[in-house]
>>> print(open('target_26.cif').read())   # mmCIF, C-alpha atoms and all ligand atoms
data_input
#
loop_
_atom_site.label_atom_id
_atom_site.label_comp_id
_atom_site.auth_asym_id
_atom_site.auth_seq_id
_atom_site.Cartn_x
_atom_site.Cartn_y
_atom_site.Cartn_z
CA MET A 210 13.21 -19.00 10.86
CA SER A 211 13.21 -15.32 11.81
CA THR A 212 12.44 -14.61 15.46
CA SER A 213 11.33 -11.09 14.48
CA PRO A 214 8.02 -10.49 12.72
CA VAL A 215 8.29 -10.08 8.94
CA ALA A 216 6.41 -7.60 6.74
CA LEU A 217 6.02 -7.61 2.95
CA ILE A 218 5.23 -4.16 1.59
CA THR A 219 4.37 -3.87 -2.08
CA GLY A 220 5.60 -0.84 -4.01
CA ALA A 221 7.88 0.10 -1.12
CA SER A 222 10.89 1.64 -2.86
CA GLN A 223 9.80 5.22 -2.27
CA ARG A 224 7.10 7.58 -0.97
CA LEU A 225 4.43 6.07 1.33
CA GLY A 226 5.67 2.49 0.99
CA ALA A 227 9.24 3.45 1.93
CA ALA A 228 8.05 5.51 4.92
CA THR A 229 6.02 2.51 6.09
CA ALA A 230 9.02 0.20 5.68
CA LYS A 231 11.15 2.52 7.85
CA GLN A 232 8.47 2.81 10.53
CA LEU A 233 7.90 -0.97 10.72
CA HIS A 234 11.65 -1.61 10.72
CA HIS A 235 11.97 0.81 13.65
CA GLN A 236 9.34 -1.33 15.45
CA GLY A 237 11.53 -4.42 14.99
CA TYR A 238 10.07 -5.96 11.84
CA ASN A 239 12.22 -7.56 9.18
CA ILE A 240 11.19 -6.10 5.84
CA VAL A 241 10.61 -7.43 2.33
CA ILE A 242 10.61 -4.44 -0.02
CA HIS A 243 8.76 -5.22 -3.21
CA TYR A 244 9.37 -3.02 -6.28
CA ARG A 245 8.66 -3.15 -10.01
CA HIS A 246 10.91 -0.63 -11.82
CA SER A 247 12.59 1.32 -9.00
CA SER A 248 15.43 -1.10 -8.26
CA ASN A 249 17.97 1.61 -7.31
CA GLU A 250 15.62 3.24 -4.80
CA ALA A 251 14.63 -0.17 -3.36
CA GLN A 252 18.26 -1.24 -2.95
CA ALA A 253 19.27 2.09 -1.38
CA LEU A 254 16.47 1.75 1.18
CA ALA A 255 17.43 -1.87 1.92
CA ASP A 256 21.09 -0.87 2.38
CA LYS A 257 20.05 1.85 4.82
CA LEU A 258 17.87 -0.50 6.88
CA ASN A 259 20.52 -3.24 6.85
CA GLN A 260 23.06 -0.74 8.16
CA ILE A 261 20.77 -0.07 11.11
CA ARG A 262 20.20 -3.81 11.72
CA GLU A 263 22.16 -6.45 9.85
CA SER A 264 20.22 -8.75 7.48
CA SER A 265 16.89 -7.16 8.37
CA CYS A 266 15.73 -6.17 4.89
CA THR A 267 15.59 -7.69 1.42
CA CYS A 268 14.23 -6.56 -1.99
CA LEU A 269 12.11 -8.54 -4.45
CA GLN A 270 11.08 -7.51 -7.96
CA ALA A 271 7.65 -8.32 -9.43
CA ASP A 272 5.23 -6.88 -11.95
CA LEU A 273 1.88 -7.19 -10.18
CA ASN A 274 0.08 -7.16 -13.55
CA LYS A 275 1.49 -10.68 -14.10
CA PRO A 276 -0.05 -13.60 -12.14
CA SER A 277 3.19 -15.63 -12.38
CA ASP A 278 5.15 -12.74 -10.81
CA ILE A 279 2.65 -12.55 -7.95
CA GLN A 280 3.09 -16.22 -7.22
CA GLN A 281 6.87 -15.96 -7.33
CA LEU A 282 6.83 -12.90 -5.06
CA CYS A 283 4.80 -14.83 -2.49
CA GLN A 284 7.07 -17.87 -2.60
CA GLN A 285 10.28 -15.82 -2.34
CA SER A 286 8.89 -13.61 0.44
CA VAL A 287 8.02 -16.61 2.61
CA GLN A 288 11.22 -18.47 1.75
CA HIS A 289 13.52 -15.67 2.85
CA TRP A 290 12.75 -15.77 6.60
CA GLN A 291 10.45 -18.81 6.65
CA ARG A 292 7.62 -16.65 8.01
CA LEU A 293 5.38 -13.71 7.19
CA ASP A 294 3.33 -11.71 9.71
CA LEU A 295 2.16 -8.69 7.75
CA LEU A 296 1.19 -7.98 4.14
CA ILE A 297 0.76 -4.35 3.12
CA ASN A 298 -0.93 -3.92 -0.25
CA ASN A 299 0.51 -0.52 -1.11
CA ALA A 300 1.58 -0.68 -4.80
CA SER A 301 -0.75 1.27 -7.03
CA SER A 302 -0.99 2.80 -10.45
CA PHE A 303 -2.85 6.07 -10.68
CA PHE A 304 -3.86 8.06 -13.75
CA PRO A 305 -7.03 9.66 -15.18
CA THR A 306 -9.47 7.66 -17.30
CA SER A 307 -11.87 10.17 -18.82
CA ILE A 308 -14.91 8.87 -20.63
CA GLY A 309 -14.13 8.57 -24.34
CA GLU A 310 -10.41 8.08 -23.77
CA THR A 311 -10.23 4.93 -21.64
CA THR A 312 -8.98 1.62 -23.03
CA THR A 313 -9.14 -1.92 -21.68
CA GLU A 314 -5.37 -1.66 -21.10
CA HIS A 315 -5.98 1.30 -18.76
CA TRP A 316 -8.72 -0.69 -17.00
CA ASN A 317 -6.51 -3.79 -16.62
CA ASP A 318 -3.55 -1.76 -15.36
CA LEU A 319 -5.56 0.11 -12.71
CA PHE A 320 -7.45 -2.98 -11.53
CA ALA A 321 -4.30 -5.17 -11.48
CA SER A 322 -2.31 -3.17 -8.94
CA ASN A 323 -5.18 -1.64 -6.96
CA CYS A 324 -7.44 -4.66 -6.63
CA LYS A 325 -6.57 -7.95 -8.35
CA ALA A 326 -3.01 -8.31 -7.03
CA PRO A 327 -4.03 -7.48 -3.44
CA PHE A 328 -6.63 -10.26 -3.62
CA PHE A 329 -4.29 -12.91 -5.04
CA LEU A 330 -1.42 -11.91 -2.73
CA SER A 331 -3.82 -12.26 0.22
CA GLN A 332 -5.05 -15.63 -1.00
CA GLU A 333 -1.57 -17.01 -1.64
CA LEU A 334 -0.11 -15.72 1.64
CA ALA A 335 -3.08 -16.49 3.92
CA PRO A 336 -1.83 -19.93 5.07
CA THR A 337 1.53 -18.44 6.10
CA LEU A 338 0.02 -15.32 7.70
CA ALA A 339 -2.36 -17.50 9.72
CA LYS A 340 0.52 -19.36 11.37
CA HIS A 341 1.49 -16.29 13.45
CA GLN A 342 -1.91 -14.58 13.77
CA GLY A 343 -0.78 -12.22 11.02
CA ASN A 344 -2.58 -9.37 9.36
CA ILE A 345 -3.13 -7.49 6.12
CA VAL A 346 -3.31 -3.72 5.66
CA ASN A 347 -4.71 -2.44 2.37
CA MET A 348 -3.90 1.05 1.14
CA ILE A 349 -7.21 2.39 -0.06
CA ASP A 350 -8.10 6.05 -0.75
CA ILE A 351 -10.80 8.44 0.43
CA HIS A 352 -11.78 8.48 -3.27
CA ALA A 353 -12.98 4.88 -2.92
CA SER A 354 -16.10 6.43 -1.37
CA ALA A 355 -16.17 9.94 -2.87
CA PRO A 356 -15.24 9.96 -6.56
CA LEU A 357 -12.34 11.92 -7.97
CA LYS A 358 -13.37 13.55 -11.24
CA ASN A 359 -11.97 11.88 -14.40
CA HIS A 360 -10.59 8.95 -12.36
CA THR A 361 -13.59 6.59 -12.51
CA VAL A 362 -11.63 3.37 -13.07
CA TYR A 363 -9.10 4.10 -10.28
CA CYS A 364 -11.95 4.94 -7.89
CA MET A 365 -13.79 1.74 -8.88
CA ALA A 366 -10.67 -0.36 -8.26
CA LYS A 367 -10.10 1.23 -4.82
CA SER A 368 -13.78 0.76 -4.02
CA ALA A 369 -13.43 -2.94 -4.78
CA LEU A 370 -10.35 -3.05 -2.52
CA GLN A 371 -12.42 -1.42 0.21
CA MET A 372 -15.04 -4.18 -0.06
CA MET A 373 -12.30 -6.82 -0.20
CA THR A 374 -10.97 -5.47 3.12
CA LEU A 375 -14.32 -5.95 4.84
CA SER A 376 -15.07 -9.26 3.16
CA LEU A 377 -11.68 -10.86 3.87
CA ALA A 378 -11.79 -9.59 7.46
CA LYS A 379 -14.83 -11.83 7.88
CA GLU A 380 -13.51 -14.75 5.85
CA LEU A 381 -9.98 -14.89 7.27
CA ALA A 382 -10.97 -14.40 10.95
CA PRO A 383 -10.05 -15.49 13.55
CA ASN A 384 -6.46 -16.13 12.47
CA ILE A 385 -5.81 -13.15 10.17
CA ARG A 386 -6.95 -9.56 10.67
CA VAL A 387 -7.61 -7.36 7.62
CA ASN A 388 -7.77 -3.55 7.80
CA GLY A 389 -7.29 -0.56 5.54
CA VAL A 390 -5.95 2.96 5.53
CA ALA A 391 -7.59 5.57 3.32
CA PRO A 392 -5.18 8.46 2.79
CA GLY A 393 -6.42 11.88 1.77
CA ALA A 394 -4.00 14.35 0.21
CA ILE A 395 -0.55 13.27 1.40
CA LEU A 396 1.76 14.16 -1.44
CA TRP A 397 0.96 16.78 -4.08
CA PRO A 398 -0.47 15.05 -7.18
CA LYS A 399 2.53 16.31 -9.22
CA PRO A 400 5.96 17.74 -8.29
CA GLU A 401 5.44 20.72 -5.96
CA THR A 402 7.45 23.01 -8.27
CA GLU A 403 4.85 22.37 -11.00
CA MET A 404 1.89 23.26 -8.74
CA THR A 405 0.48 26.79 -9.00
CA PRO A 406 -0.58 28.60 -5.78
CA GLY A 407 -4.18 28.36 -7.06
CA GLU A 408 -3.96 24.56 -7.49
CA LYS A 409 -2.46 24.17 -4.02
CA ASN A 410 -5.08 26.44 -2.39
CA LYS A 411 -7.87 24.49 -4.06
CA ILE A 412 -6.66 21.28 -2.40
CA LEU A 413 -5.89 22.85 0.98
CA SER A 414 -9.24 24.68 1.18
CA GLY A 415 -11.02 21.29 1.28
CA ILE A 416 -9.00 20.05 4.29
CA PRO A 417 -10.28 21.12 7.74
CA LEU A 418 -6.79 20.68 9.26
CA GLU A 419 -5.47 23.03 6.49
CA ARG A 420 -2.39 21.01 5.54
CA LEU A 421 -1.37 17.97 3.59
CA GLY A 422 -0.73 14.83 5.59
CA THR A 423 2.82 13.58 6.05
CA LEU A 424 4.26 10.21 5.12
CA GLU A 425 4.65 9.53 8.84
CA ASP A 426 0.94 10.26 9.48
CA ILE A 427 0.14 7.30 7.22
CA ALA A 428 2.98 5.02 8.32
CA LYS A 429 2.09 5.45 12.00
CA THR A 430 -1.54 4.53 11.31
CA ILE A 431 -0.41 1.39 9.49
CA VAL A 432 1.78 0.41 12.44
CA PHE A 433 -1.16 1.07 14.79
CA LEU A 434 -3.45 -1.24 12.79
CA ALA A 435 -0.76 -3.88 12.34
CA THR A 436 -0.18 -4.05 16.10
CA SER A 437 -3.77 -3.76 17.40
CA PRO A 438 -4.87 -7.36 17.99
CA TYR A 439 -8.60 -6.64 18.46
CA ILE A 440 -9.16 -4.51 15.33
CA THR A 441 -10.30 -6.10 12.08
CA GLY A 442 -12.47 -4.98 9.15
CA GLN A 443 -11.78 -1.29 9.79
CA ILE A 444 -10.70 1.39 7.36
CA ILE A 445 -9.22 4.53 8.87
CA ALA A 446 -9.30 7.73 6.84
CA VAL A 447 -6.11 9.69 7.44
CA ASP A 448 -7.11 12.83 5.62
CA GLY A 449 -7.11 15.85 7.94
CA GLY A 450 -10.91 15.70 7.93
CA ARG A 451 -11.27 16.01 4.15
CA SER A 452 -13.92 13.28 3.95
CA ILE A 453 -16.20 14.79 6.61
N1 LIG A 501 0.13 9.69 -2.21
C1 LIG A 501 -1.08 10.03 -1.79
O1 LIG A 501 -1.35 11.19 -1.48
C2 LIG A 501 -2.17 8.97 -1.71
C3 LIG A 501 -3.50 9.38 -1.56
C4 LIG A 501 -4.48 8.40 -1.49
C5 LIG A 501 -4.16 7.05 -1.55
N2 LIG A 501 -2.87 6.68 -1.70
C6 LIG A 501 -2.55 5.24 -1.78
O2 LIG A 501 -1.46 4.96 -0.94
C7 LIG A 501 -0.59 4.00 -1.57
C8 LIG A 501 0.82 4.58 -1.70
O3 LIG A 501 0.75 5.81 -2.38
P1 LIG A 501 2.03 6.41 -3.14
O4 LIG A 501 1.61 7.72 -3.68
O5 LIG A 501 3.22 6.33 -2.25
O6 LIG A 501 2.16 5.33 -4.31
P2 LIG A 501 2.98 5.48 -5.69
O7 LIG A 501 4.28 6.13 -5.40
O8 LIG A 501 2.11 6.12 -6.71
O9 LIG A 501 3.16 3.94 -6.10
C9 LIG A 501 3.87 3.04 -5.27
C10 LIG A 501 4.58 2.03 -6.12
O10 LIG A 501 3.65 1.15 -6.73
C11 LIG A 501 4.41 0.41 -7.66
N3 LIG A 501 3.54 -0.12 -8.72
C12 LIG A 501 2.60 0.50 -9.46
N4 LIG A 501 2.05 -0.37 -10.33
C13 LIG A 501 2.65 -1.57 -10.15
C14 LIG A 501 2.53 -2.85 -10.74
N5 LIG A 501 1.67 -3.10 -11.71
N6 LIG A 501 3.34 -3.85 -10.29
C15 LIG A 501 4.21 -3.61 -9.30
N7 LIG A 501 4.37 -2.43 -8.70
C16 LIG A 501 3.60 -1.41 -9.12
C17 LIG A 501 5.49 1.33 -8.21
O11 LIG A 501 6.74 0.63 -8.04
P3 LIG A 501 8.06 0.92 -8.93
O12 LIG A 501 8.36 2.38 -8.74
O13 LIG A 501 9.07 0.03 -8.35
O14 LIG A 501 7.72 0.57 -10.35
C18 LIG A 501 5.38 2.57 -7.29
O15 LIG A 501 6.62 3.06 -6.86
C19 LIG A 501 -1.23 3.66 -2.90
O16 LIG A 501 -2.00 2.49 -2.78
C20 LIG A 501 -2.12 4.86 -3.18
O17 LIG A 501 -3.24 4.55 -3.99
C21 LIG A 501 -1.86 7.61 -1.79
#
>>> encode(input="target_26.cif", output="structure tokens")
Amino acid sequence: MSTSPVALITGASQRLGAATAKQLHHQGYNIVIHYRHSSNEAQALADKLNQIRESSCTCLQADLNKPSDIQQLCQQSVQHWQRLDLLINNASSFFPTSIGETTTEHWNDLFASNCKAPFFLSQELAPTLAKHQGNIVNMIDIHASAPLKNHTVYCMAKSALQMMTLSLAKELAPNIRVNGVAPGAILWPKPETEMTPGEKNKILSGIPLERLGTLEDIAKTIVFLATSPYITGQIIAVDGGRSI
């Protein structure tokens, strides 16, 4: 069994998930990087972390739209180090669903990664997390509370994840804490080279701190929640004041 705490981060091959993996690794966690399609990015990150500390990171593939994959991911995650202290529900699909153009496939896809998988991962991993007073951090979105135009289904799924955070904090206490992080604008919604100055200004003008957040702003908040033993059922907006 690992003597270090172990974290499973879903969708961790790149962007916010990868930044969180690096930050937790720096704090001494062993890391399970989950990915779906980005195997090269996941492996490159694992290689980098294993160079820093030998045998401290592993990668597991799973499509979170498939219940059998979720179960297998849980089993393999626990098997690897015989313990799990932290689950970060980070994987997410994100696309518009305008009225008149939305299909049940869109609905299922958005709810699977943003809401259903986080619930079943939490349920499956709860007995293991409880053994070491573990915790869960859910990646929500400020748009769980304030809708993003043309993204109704995504916002609904994140809103359900927000309620799940509060509800499971009650149900899984006292042995497991459950918290959330609600990022504001952290990465541009499309590659920066494709953003016009007008599009950028429109986003920045709604942020009191007048800048996008950084990956580290989010990762540090996750580490704070993961290591704060008297905080549960809280969702911290990391958004430069956008939701005020
Ligand atoms: N970026 C922001 O500014 C922002 C703002 C608000 C909230 N958030 C939230 O913060 C979290 C991280 O954001 P992000 O922008 O870094 O995420 P992202 O890059 O859009 O997605 C993270 C990963 O999720 C995985 N994924 C998506 N659907 C999946 C599925 N059905 N099964 C398995 N894996 C799946 C993908 O893995 P593969 O690449 O391996 O396929 C993807 O790389 C998300 O929950 C997001 O909603 C982000």
>>> axis_aligned_box(input="target_26.cif", around="stretch 218-227 of chain A", padding_each_side="8 Å", output="JSON")
{"center_x": 7.6, "center_y": 1.7, "center_z": -1.0, "size_x": 22.5, "size_y": 27.7, "size_z": 21.9}
>>> residues_near_ligand(input="target_26.cif", ligand="ligand LIG 501 (chain A)", cutoff="8 Å", atoms="all atoms listed in the file", output="count of residues only")
49
>>> closest_residue(input="target_26.cif", among="A:Thr361, A:Ser265, A:Ser211, A:Thr229", to="A:His341", atoms="only C-alpha atoms")
A:Ser211
>>> closest_residue(input="target_26.cif", among="A:Lys325, A:Lys409, A:Lys231, A:His315", to="A:Ala369", atoms="only C-alpha atoms")
A:Lys325
>>> atom_distance(input="target_26.cif", atom1="atom CA of A:His234", atom2="atom CA of A:Met210")
17.5 Å
>>> residues_around(input="target_26.cif", residues="A:Asp256", least_positions_apart="5", cutoff="9 Å", atoms="all atoms listed in the file", output="PDB file with C-alpha atoms, keeping the file's coordinate frame")
ATOM      1  CA  ALA A 251      14.630  -0.170  -3.360  1.00  0.00           C
ATOM      2  CA  ILE A 261      20.770  -0.070  11.110  1.00  0.00           C
ATOM      3  CA  CYS A 266      15.730  -6.170   4.890  1.00  0.00           C
ATOM      4  CA  THR A 267      15.590  -7.690   1.420  1.00  0.00           C
TER       5      THR A 267
END
>>> closest_residue(input="target_26.cif", among="A:Asp294, A:Phe329, A:Ala253, A:Gly237", to="A:Ile279", atoms="all atoms listed in the file")
A:Phe329
>>> atom_distance(input="target_26.cif", atom1="atom CA of A:Lys257", atom2="atom CA of A:Arg420")
29.5 Å
>>> atom_distance(input="target_26.cif", atom1="atom CA of A:Ile240", atom2="atom CA of A:Leu269")
10.6 Å
>>> closest_residue(input="target_26.cif", among="A:Gly407, A:Asn259, A:Thr312, A:Val215", to="A:Asn239", atoms="all atoms listed in the file")
A:Val215
>>> residues_around(input="target_26.cif", residues="A:Leu296", least_positions_apart="4", cutoff="10 Å", atoms="all atoms listed in the file", output="PyMOL selection string")
chain A and resi 215-219+241+327+330-331+334-335+338+343-347+387+435
>>> closest_residue(input="target_26.cif", among="A:Asn388, A:Glu310, A:Leu381, A:Thr337", to="A:Val362", atoms="all atoms listed in the file")
A:Glu310
>>> closest_residue(input="target_26.cif", among="A:Ile427, A:Leu418, A:Cys364, A:Val287", to="A:Phe304", atoms="only C-alpha atoms")
A:Cys364
>>> residues_around(input="target_26.cif", residues="A:Pro438", least_positions_apart="3", cutoff="9 Å", atoms="all atoms listed in the file", output="number ranges by chain")
A: 342, 386, 434-435, 441
>>> residues_around(input="target_26.cif", residues="A:Ile453", least_positions_apart="5", cutoff="10 Å", atoms="only C-alpha atoms", output="count of residues only")
5
